[in-house]
Each structure stands twice: as C-alpha cells, then as structure tokens.
Amino acid sequence: MRTICIEPQYEAWRAAARQLLARAVAPEDLLWSDEPKEALLFSGENSAAKVHKGEAIKVPLAFLDMARSAATHSDGRRWALLYRTLWRLTLGGEKHLLSMATDRDVRQIQDWCKAVGRDLHKMHAFVRFRLVSVNEETGREQFVAWFEPDHRIVRLAVPFFEKRFAGMDWSILTPYECAHWDGKQLHFTAGVPRSSAPDEDALDDLWRTYYRSIFNPARLKISAMQSEMPKKYWKNLPEAPLIATLIAESAGRVQGMMDTEERPAKPAPNNAYLKSLHDMNQ
Amino acid sequence: MDITRKLQILADAAKYDASCASSGAARKDSRGSTGVGSTGGAGICHSYTPDGRCVSLLKVLMTNACLYDCHYCINRRSSNVTRARFTPEEIVRLTLDFYKRNYIEGLFLSSGIIQSADHTMELVIEVARKLREEHHFRGYIHLKTIPEASPSLIALAGRYADRISINVELPSQQSLNTLAPEKNLARTEEAMGHIREKIDERYAEKRRPDAPKPPPFATGQSTQMLVGADASTDAVLLNCADKLYTNHRLRRVYYSAFSPIPEPSSILPLKAPPLIREHRLYQADWLLRFYDFKVEEITSPAAPNLDLALDPKLAWALRNRETFPVDVNKAPREMLLRIPGLGVRNVERIVRARRYTRLRLADLIRLRLQMKKLLPFIMTADHHPAKLGLDSDSLRARFLPPPEQLELSFAAPPAPAPSDFLSVRSGEL
Ligand code: SF4
C-alpha cells in the first residue's frame, strides 16, 4: 500500500494517475491524499523517464470532462474513485463503463458532477458585483464580488465571467481562491476573508425596488423559491432581506384587491388607430 | 417622477407576463469588445421572488399607458392605475447597471400601446438599438411585438432581439371580442407566420457555408395564454398551443393562470382557477413537445379538461392499462417514454445501459427512479407484475394524493396556498 499525495487539482491528479496507470499500479494498492503537508508524489524519482512510452492511454472524452468536474468536489474519496474508474475503463477492460449509469462508481461520480454543476450554476447566478472605483487611466469600471462556493470551482466558473464581463474590470473573491480580470488577462490569487469585499453597491436600492415590484403576492409559493434559492445564499444577496416582509404582506395585499370595487369600462377615446382596429374586427 | 417610482410602476405593470426565460439564444459574448453581455445555452435565474418565479430579465414596460381595453389587464385604458413612462435612455441605463452587477441576464421590454402600433414599436426598438449599437450590449433581449405593427418594424425588432413574442392571450376570437375587443387572433397568427419565415430564413442561410453571414435575427418566438379567464377547456387551450407549435414553430407557449389585479374590471366575471390547472397544462404541454403525445391522447370530447388530481401521463397510463407492464429491457424508446414516472433523461440512461446488461430492479433504484410509481407499469429481469386491468379503481386510488395535497411534483412546486383558490383575475400584456 502506498500513499499518493497531490495538490487538490485535476491536473495534479491526472499527472499522477497517468504515471500510476503506466506502471499498472492497481487501485486497491493506493491511498490518495491531497493534504499539502505530506510529501509530493514520486519525490526523488525522475518520474518522466519511468513512464512507458508508446501506448497512449485512451479514455472517452466524457470521462475527462467528468473527472475535471468531480475533481473540484469537496469529497475526500474522489481521487481514489476517479483512479479506480480510470483503471476499470482501461486496464480493467470495461470500455463501456460510462454507459452504465447503473454502476455504483459511475453513479457516484455523476452525483459529484451534478453537485459541482449546481454549485457552478448558482455561482454564475448569485455572484453580485459591487462597483468600487473607476480606473483613471483606462476609464474602466472596477467591480468586486464575494462568493462562497461549496466546492473548489473558481477556475471552472471564471470563463463564464470572462466572456460576459469583458468590458469591465472585476475580481471575484472566495475563501480559498480569488480570480481577477483586467480586460486583458485573468489571474488568480489566494483566498481572502469576507471582510475584504465591499458589502454594498449604490444600485442595490434600485434593484430591491425592482424585486419588490416584480413579485406577485397572489401566487405565493415559498418552497418553490427556497428550493432554487436556498437560504445559505441569502447573506450575499441584496434583495434577500425583503423576502420576509413580502411574504408577510401578501395576504393583506390580495385581500385588498379582492375588496376593490370593480371599475366600469370607459368609452374609447377618439383615436384613428383604435377606430381602424374596431372597424377591422367588425 | 423619479426613476425609482417609474421602476416601481413599470415593473409592477409587467409582472403578469410569465414568459421570462432567457434560454435558447444564439451564442455571443463580449470578448474583444468594450461592452458586456453573453448569451447561449440555458438561461440563468439570478434570483427568485416568494411567488417561486425566476428573476432572469429586467422585465418592464416602456409605458403603462394604453389605448386598448383588455379586461384582464391592469394597464387597460379603463383602469385608474398611475401611469408612467420611461425614456429610452433610462431603460438603457437600468439594463446596463443591473447587468454589470450580475442581477440579470438582459432585458424583457414590452409596452402599453400609445398612439398606434407602429409608434409604440418604434419606441421599443429604439431601446434595443441603443443597447446593441451604442453600448455593444451582447446580453439577452426579448421584445414584445404588436401584431398590427408593420412587418418591417417587426423585422427590425427581430434583428436586435434574441426572442420576440406576441401574446395570443385567449384561444378563441369569441373570447377576445368580449375581453380584449382590440385584439384579433387571425392577425396575431399572421404576424407569427411572418416571424417564423424570418427565423427560418436565418437558419437556412446559416447552413450554406459559402453564403455571406445573414443579418442576425431572433432565434425563437413564444406566446402566452391566460387560463381561466374565459370558458375555454384545456382541450381548446392545448389544441391552440399544438397548432402554434406546428404552424409557427414556437419555442414555448406559456400558460398563465389568472391572478387578481389591483384594478378589477366589471366586464370580467370572477372565476376560481386553481394554480394546479396551470401546472397540469404545463405537464401536458411537455408531453406534446418531448414525449410524442397527441392532444387527443391527453384530452377527449368526453373529458376535455385535465384531471387535476393526477399528472396527465399517469392519467393516460391508467386509461390505457392494457399497454402495461412494459419491459424496460426490450421496449422501444417511444414506449419507455410513456411509462409514468420515467423522464427523458432516465429513458436515455436505460437505453444505453441495457445494451450491456439486463436491467434489474436494483439498477433502477440506483438511478433513483420513483419506484412506487413505476412498479405497476414495468417489467425487469427480476420483476413481472400482473397485467394491469380489472381492478381499475383501486389502482387510481393508489396514485391519488392525500386530499389536502393536490400538487404532484413536476418542478417540485409546493401545495397551493389557500389564496390560490380564491376568485382571481389577472393582468397581461
Ligand atoms: S394587455 Fe397590453 S394591449 Fe391590452 S390593455 Fe394591457 S397593456 Fe394594453
């Protein structure tokens, strides 16, 4: 039994897995760890030289996508399970494994991918940029956002922001990694505490006005809201403090509408266009 | 009037339009430009209001002043609601400011009709033009169009917008005559036909590799129908939707159950449409679009309305029980799609997996299927239920939800609140 220590990143796992597979090290002979304290993989060995040349390891593209996504999950078992699946797909001879959504390992990886996918989706949805300044030289607006993802997804999440917000400078801060865009390049820095990010934006009030006005009190469906926007996200959403009041007021507002006296129809104003419509409908 | 007050009035006036999706746009983004915005793929809901609705677009009216008198609508000319009007610059500013903070996916712009259809369309188009041409905005734009507007203006709207829509509102001219005397179903359909031609042209030109890039045009159109405002049955609504999907290739038909509005009309009698009816219509619509069902299979002259207690697929299965049980290891995909409790995704999973293995119950459990619902309808390597048949009433009873909880999960909506059953009305553009 031997322990493989890697950085908690897909690339690190892939590099290690490639070498291990080339030496046909069986999954059950391995323990995986991403504790950075422990020694690095194959330290002291000239690893590149030992890899079997010739046969490239072929796996379905879908597996690489799954692995890249599952690698960001917070579950400590992911490295071992990914390696076992890689083994089964290749040396294990189970080429069709990924078609078996009914397989336990595949199912587990798919579950991780699903959780990561949801986390990503929510990050794309609930990041809130706050304007902090305007760059005097370039005239570009500079925004900062704070987000706390469940998994290590910052690098998976940023291409979306890069495409969408190319015309402004922005930083997304998280507890374990931060991403920054200056119009030309993306770069990453270490995580920071929440206090490093601004709490407010001058537009928040106008946004809350919109949120309050677009809500229809006659269709209260609180659990539908909460299943899509769980409470754990509320603390970073400027509109969330309104929710309790909107709910509390809704019954009274609906009653008010029901009690309103019905308005009679007013005669049509003298408008040529309106006349032409009425004529056409005759 | 300050911008906060305008936003309040003109968002409130727009909220009864259910068609807020921001999916299905062509792929574009802001890389290499000085602007912001991207579209393509599934839309994103940036927030949810306590009515369970997704907040995806800045959904506002240009103005809530209106010449028309649609009696289900808060903005009709007979209503005493406070009127307001945005300038194009104000909407552009709001859209960009909201977008840059990642509050929204883009703009949904509609308007009450002032002066004439063409005049109104021009105002709406001007906002989209400014966003696209002056600010290089590449986010999502949905423009509501007016069927009576000239075709050249509708074409122009389609150039700037990712989606355009015209609301049918009610599925028969007879109902429109009473409740929306200025609207005309034939003209609406005619305009939808023109839009469809434009959309088709865009795709056709795109397919020719050597042809010059076609002018951009919206990738889809959608519409909305009100549920419970008139006496139309579910069969009438679904047939109308089916016709629109077939004839004009609509992306979506939205069903909007009435909800009360602050300015009720004396023309529109009070009705009580439970929200669950809207939900069942969406389920039936889904069956039409993704499960190859025909309207005649879902409703019949004898039962023109959907069963509120059961989802329409289960109701179909119970009416056609001689078809079951279905062998999940052998049945063709079309048949698998007919099994209650089995969705498109899981049908695909089953079809793939069964090439390599004989499926057993344990496999299906691992797919996390709703076994209780499924069991009477399927056969697996280790499960052979008796033919469904004789004991019809007890089978139906088995699937009925407890009386206080009529809602069956689709997108897992909660049980309707008592207010859902109040007499209600709705407003709509
Ligand atoms: S539905 Fe549209 S056209 Fe009819 S009154 Fe309302 S705003 Fe005017």
# chains A, B, ... in the order shown; residues from 1 in each chain; ligands from 1

$ residues_around --residues "Thr120 (chain B)" --least-positions-apart "2" --cutoff "12 Å" --atoms "only C-alpha atoms" --output "PDB file with C-alpha atoms, in the first residue's frame"
ATOM      1  CA  TYR A 273     -55.796  53.861 -34.984  1.00  0.00           C
TER       2      TYR A 273
ATOM      3  CA  LEU B  61     -42.931  48.279 -19.793  1.00  0.00           C
ATOM      4  CA  MET B  62     -41.847  51.316 -21.749  1.00  0.00           C
ATOM      5  CA  THR B  63     -45.109  52.896 -20.613  1.00  0.00           C
ATOM      6  CA  ASN B  64     -48.207  51.533 -18.911  1.00  0.00           C
ATOM      7  CA  ALA B  65     -50.477  53.999 -20.671  1.00  0.00           C
ATOM      8  CA  CYS B  66     -52.552  52.006 -23.151  1.00  0.00           C
ATOM      9  CA  LEU B  67     -55.238  52.628 -25.729  1.00  0.00           C
ATOM     10  CA  ARG B  85     -43.207  56.349 -18.982  1.00  0.00           C
ATOM     11  CA  LEU B 109     -39.271  45.030 -22.898  1.00  0.00           C
ATOM     12  CA  SER B 110     -42.933  45.449 -23.580  1.00  0.00           C
ATOM     13  CA  SER B 111     -45.242  48.428 -23.663  1.00  0.00           C
ATOM     14  CA  GLY B 112     -48.785  49.647 -23.463  1.00  0.00           C
ATOM     15  CA  ILE B 113     -49.934  50.810 -26.867  1.00  0.00           C
ATOM     16  CA  ILE B 114     -49.808  54.542 -27.369  1.00  0.00           C
ATOM     17  CA  GLN B 115     -50.863  56.463 -30.491  1.00  0.00           C
ATOM     18  CA  SER B 116     -50.549  53.431 -32.749  1.00  0.00           C
ATOM     19  CA  ALA B 117     -48.910  50.042 -33.028  1.00  0.00           C
ATOM     20  CA  ASP B 118     -46.111  51.411 -35.210  1.00  0.00           C
ATOM     21  CA  GLU B 122     -40.567  52.299 -32.781  1.00  0.00           C
ATOM     22  CA  LEU B 123     -40.086  53.348 -29.162  1.00  0.00           C
ATOM     23  CA  VAL B 124     -39.403  49.788 -28.065  1.00  0.00           C
ATOM     24  CA  ILE B 125     -36.990  49.162 -30.930  1.00  0.00           C
ATOM     25  CA  GLU B 126     -35.074  52.350 -30.170  1.00  0.00           C
ATOM     26  CA  VAL B 127     -34.121  50.971 -26.747  1.00  0.00           C
ATOM     27  CA  LEU B 143     -39.045  42.300 -27.247  1.00  0.00           C
ATOM     28  CA  LYS B 144     -42.773  42.055 -27.134  1.00  0.00           C
ATOM     29  CA  THR B 145     -44.244  42.874 -30.515  1.00  0.00           C
ATOM     30  CA  ILE B 146     -47.647  44.035 -31.625  1.00  0.00           C
ATOM     31  CA  PRO B 147     -49.305  42.022 -34.409  1.00  0.00           C
ATOM     32  CA  GLU B 148     -50.684  45.178 -36.038  1.00  0.00           C
ATOM     33  CA  ALA B 149     -47.246  46.781 -36.359  1.00  0.00           C
ATOM     34  CA  SER B 150     -45.874  46.912 -39.887  1.00  0.00           C
ATOM     35  CA  LEU B 153     -40.778  47.091 -37.830  1.00  0.00           C
ATOM     36  CA  ILE B 154     -41.277  43.542 -36.613  1.00  0.00           C
ATOM     37  CA  ALA B 157     -37.208  44.195 -33.736  1.00  0.00           C
TER      38      ALA B 157
END

$ residues_near_ligand --ligand "ligand 1" --cutoff "6 Å" --atoms "only C-alpha atoms and all ligand atoms" --output "list in words"
Cys66, Tyr68, Asp69, Cys70, Cys73, Asn75, Arg76, Gly112, Ile113, Glu428 and Leu429 of chain B

$ residues_around --residues "Arg128 (chain A)" --least-positions-apart "6" --cutoff "7 Å" --atoms "only C-alpha atoms" --output "list of chain:residue names"
A:Ala145, B:Arg101, B:Asn102, B:Tyr103

$ closest_residue --among "A:Val116, A:Thr189, A:Thr174, A:Thr102" --to "Arg360 (chain B)" --atoms "only C-alpha atoms"
A:Thr102

$ residues_around --residues "region 152-157 of chain A" --least-positions-apart "2" --cutoff "12 Å" --atoms "only C-alpha atoms" --output "ChimeraX atom specification"
/A:8-10,65,68-75,113,115-125,127,146-150,159-164,171-180,186-191

$ interface_residues --of "chain A" --to "chain B" --cutoff "7 Å" --atoms "only C-alpha atoms" --output "ChimeraX atom specification"
/A:99-102,125-130,163-167,206,209-210,213-225,229,243,247,257,262-266,273,277-278

$ write_last_selection --atoms "N, CA and C atoms" --output "short mmCIF file (atom, residue, chain, number, x, y, z; two decimals), in the first residue's frame"
data_model
loop_
_atom_site.label_atom_id
_atom_site.label_comp_id
_atom_site.auth_asym_id
_atom_site.auth_seq_id
_atom_site.Cartn_x
_atom_site.Cartn_y
_atom_site.Cartn_z
N SER A 99 -21.36 4.07 -20.04
CA SER A 99 -22.75 3.92 -20.48
C SER A 99 -23.62 3.34 -19.37
N MET A 100 -22.96 2.87 -18.31
CA MET A 100 -23.70 2.19 -17.24
C MET A 100 -24.02 3.17 -16.12
N ALA A 101 -25.06 3.97 -16.33
CA ALA A 101 -25.46 4.88 -15.27
C ALA A 101 -25.88 4.11 -14.02
N THR A 102 -26.04 2.78 -14.19
CA THR A 102 -26.48 1.97 -13.06
C THR A 102 -25.30 1.45 -12.24
N ALA A 125 -25.15 32.54 -11.05
CA ALA A 125 -26.40 33.26 -10.79
C ALA A 125 -26.27 34.28 -9.66
N PHE A 126 -25.60 33.90 -8.59
CA PHE A 126 -25.70 34.69 -7.36
C PHE A 126 -24.48 35.54 -7.03
N VAL A 127 -23.44 35.48 -7.83
CA VAL A 127 -22.37 36.46 -7.64
C VAL A 127 -22.98 37.84 -7.84
N ARG A 128 -22.65 38.78 -6.96
CA ARG A 128 -23.15 40.14 -7.13
C ARG A 128 -21.95 41.08 -7.16
N PHE A 129 -21.74 41.71 -8.30
CA PHE A 129 -20.62 42.64 -8.41
C PHE A 129 -20.98 43.98 -7.77
N ARG A 130 -19.99 44.55 -7.09
CA ARG A 130 -20.18 45.87 -6.50
C ARG A 130 -19.15 46.83 -7.08
N LYS A 163 -16.20 35.84 -20.40
CA LYS A 163 -16.94 36.10 -21.64
C LYS A 163 -17.98 37.18 -21.45
N ARG A 164 -18.64 37.12 -20.31
CA ARG A 164 -19.77 38.02 -20.13
C ARG A 164 -19.35 39.43 -19.76
N PHE A 165 -18.30 39.57 -18.98
CA PHE A 165 -17.96 40.89 -18.45
C PHE A 165 -16.61 41.39 -18.95
N ALA A 166 -16.35 41.14 -20.24
CA ALA A 166 -15.07 41.53 -20.81
C ALA A 166 -14.82 43.03 -20.70
N GLY A 167 -15.88 43.83 -20.81
CA GLY A 167 -15.72 45.27 -20.87
C GLY A 167 -15.55 45.96 -19.53
N LEU A 206 -32.15 50.33 -5.90
CA LEU A 206 -32.98 50.29 -7.11
C LEU A 206 -33.31 48.85 -7.48
N THR A 209 -36.04 47.72 -5.30
CA THR A 209 -37.31 48.27 -5.79
C THR A 209 -37.87 47.37 -6.89
N TYR A 210 -37.00 46.96 -7.77
CA TYR A 210 -37.44 46.08 -8.86
C TYR A 210 -37.95 44.76 -8.31
N SER A 213 -41.29 45.00 -6.79
CA SER A 213 -42.38 45.30 -7.73
C SER A 213 -42.70 44.12 -8.64
N ILE A 214 -41.76 43.26 -8.88
CA ILE A 214 -41.99 42.17 -9.83
C ILE A 214 -42.63 40.96 -9.15
N PHE A 215 -42.67 40.99 -7.81
CA PHE A 215 -43.27 39.90 -7.04
C PHE A 215 -44.79 39.99 -7.11
N ASN A 216 -45.43 38.86 -7.35
CA ASN A 216 -46.89 38.83 -7.40
C ASN A 216 -47.44 38.20 -6.12
N PRO A 217 -48.01 38.99 -5.24
CA PRO A 217 -48.44 38.46 -3.94
C PRO A 217 -49.57 37.44 -4.05
N ALA A 218 -50.24 37.40 -5.20
CA ALA A 218 -51.36 36.48 -5.35
C ALA A 218 -50.91 35.06 -5.66
N ARG A 219 -49.60 34.84 -5.81
CA ARG A 219 -49.14 33.50 -6.18
C ARG A 219 -48.05 33.01 -5.24
N LEU A 220 -48.20 33.22 -3.97
CA LEU A 220 -47.17 32.84 -3.02
C LEU A 220 -46.78 31.37 -3.15
N LYS A 221 -45.50 31.10 -3.35
CA LYS A 221 -45.02 29.71 -3.44
C LYS A 221 -43.64 29.68 -2.80
N ILE A 222 -43.64 29.73 -1.50
CA ILE A 222 -42.38 29.95 -0.79
C ILE A 222 -41.41 28.80 -0.97
N SER A 223 -41.90 27.56 -0.96
CA SER A 223 -40.96 26.45 -1.04
C SER A 223 -40.34 26.35 -2.43
N ALA A 224 -41.10 26.77 -3.47
CA ALA A 224 -40.51 26.78 -4.81
C ALA A 224 -39.34 27.76 -4.86
N MET A 225 -39.51 28.90 -4.21
CA MET A 225 -38.41 29.86 -4.16
C MET A 225 -37.22 29.28 -3.42
N MET A 229 -33.40 28.82 -4.42
CA MET A 229 -32.54 29.83 -3.82
C MET A 229 -32.44 29.56 -2.32
N ILE A 243 -37.46 39.49 1.66
CA ILE A 243 -38.32 38.33 1.48
C ILE A 243 -39.36 38.19 2.58
N ILE A 247 -43.54 38.31 2.06
CA ILE A 247 -44.40 37.19 2.39
C ILE A 247 -45.47 37.62 3.40
N MET A 257 -57.06 43.64 -3.03
CA MET A 257 -57.51 43.58 -4.42
C MET A 257 -58.92 43.03 -4.50
N GLU A 262 -65.15 46.99 -8.52
CA GLU A 262 -64.80 46.79 -9.92
C GLU A 262 -64.98 48.07 -10.73
N ARG A 263 -64.06 48.27 -11.65
CA ARG A 263 -64.11 49.50 -12.45
C ARG A 263 -64.94 49.27 -13.72
N PRO A 264 -65.83 50.20 -14.00
CA PRO A 264 -66.59 50.07 -15.25
C PRO A 264 -65.69 50.38 -16.44
N ALA A 265 -66.08 49.91 -17.63
CA ALA A 265 -65.31 50.22 -18.84
C ALA A 265 -65.54 51.66 -19.24
N LYS A 266 -64.44 52.32 -19.62
CA LYS A 266 -64.58 53.71 -20.09
C LYS A 266 -64.79 53.70 -21.60
N TYR A 273 -56.30 55.23 -34.96
CA TYR A 273 -55.80 53.86 -34.98
C TYR A 273 -56.77 52.90 -34.31
N LEU A 277 -58.93 49.61 -35.78
CA LEU A 277 -58.96 48.26 -35.20
C LEU A 277 -60.39 47.77 -35.03
N HIS A 278 -61.21 48.66 -34.47
CA HIS A 278 -62.61 48.27 -34.25
C HIS A 278 -63.30 47.96 -35.57
#

$ select_by_dssp --residues "region 119-268 of chain A" --states "strand (DSSP E or B)" --output "ChimeraX atom specification"
/A:130-134,141-146,169-173,177-181,186-190,263
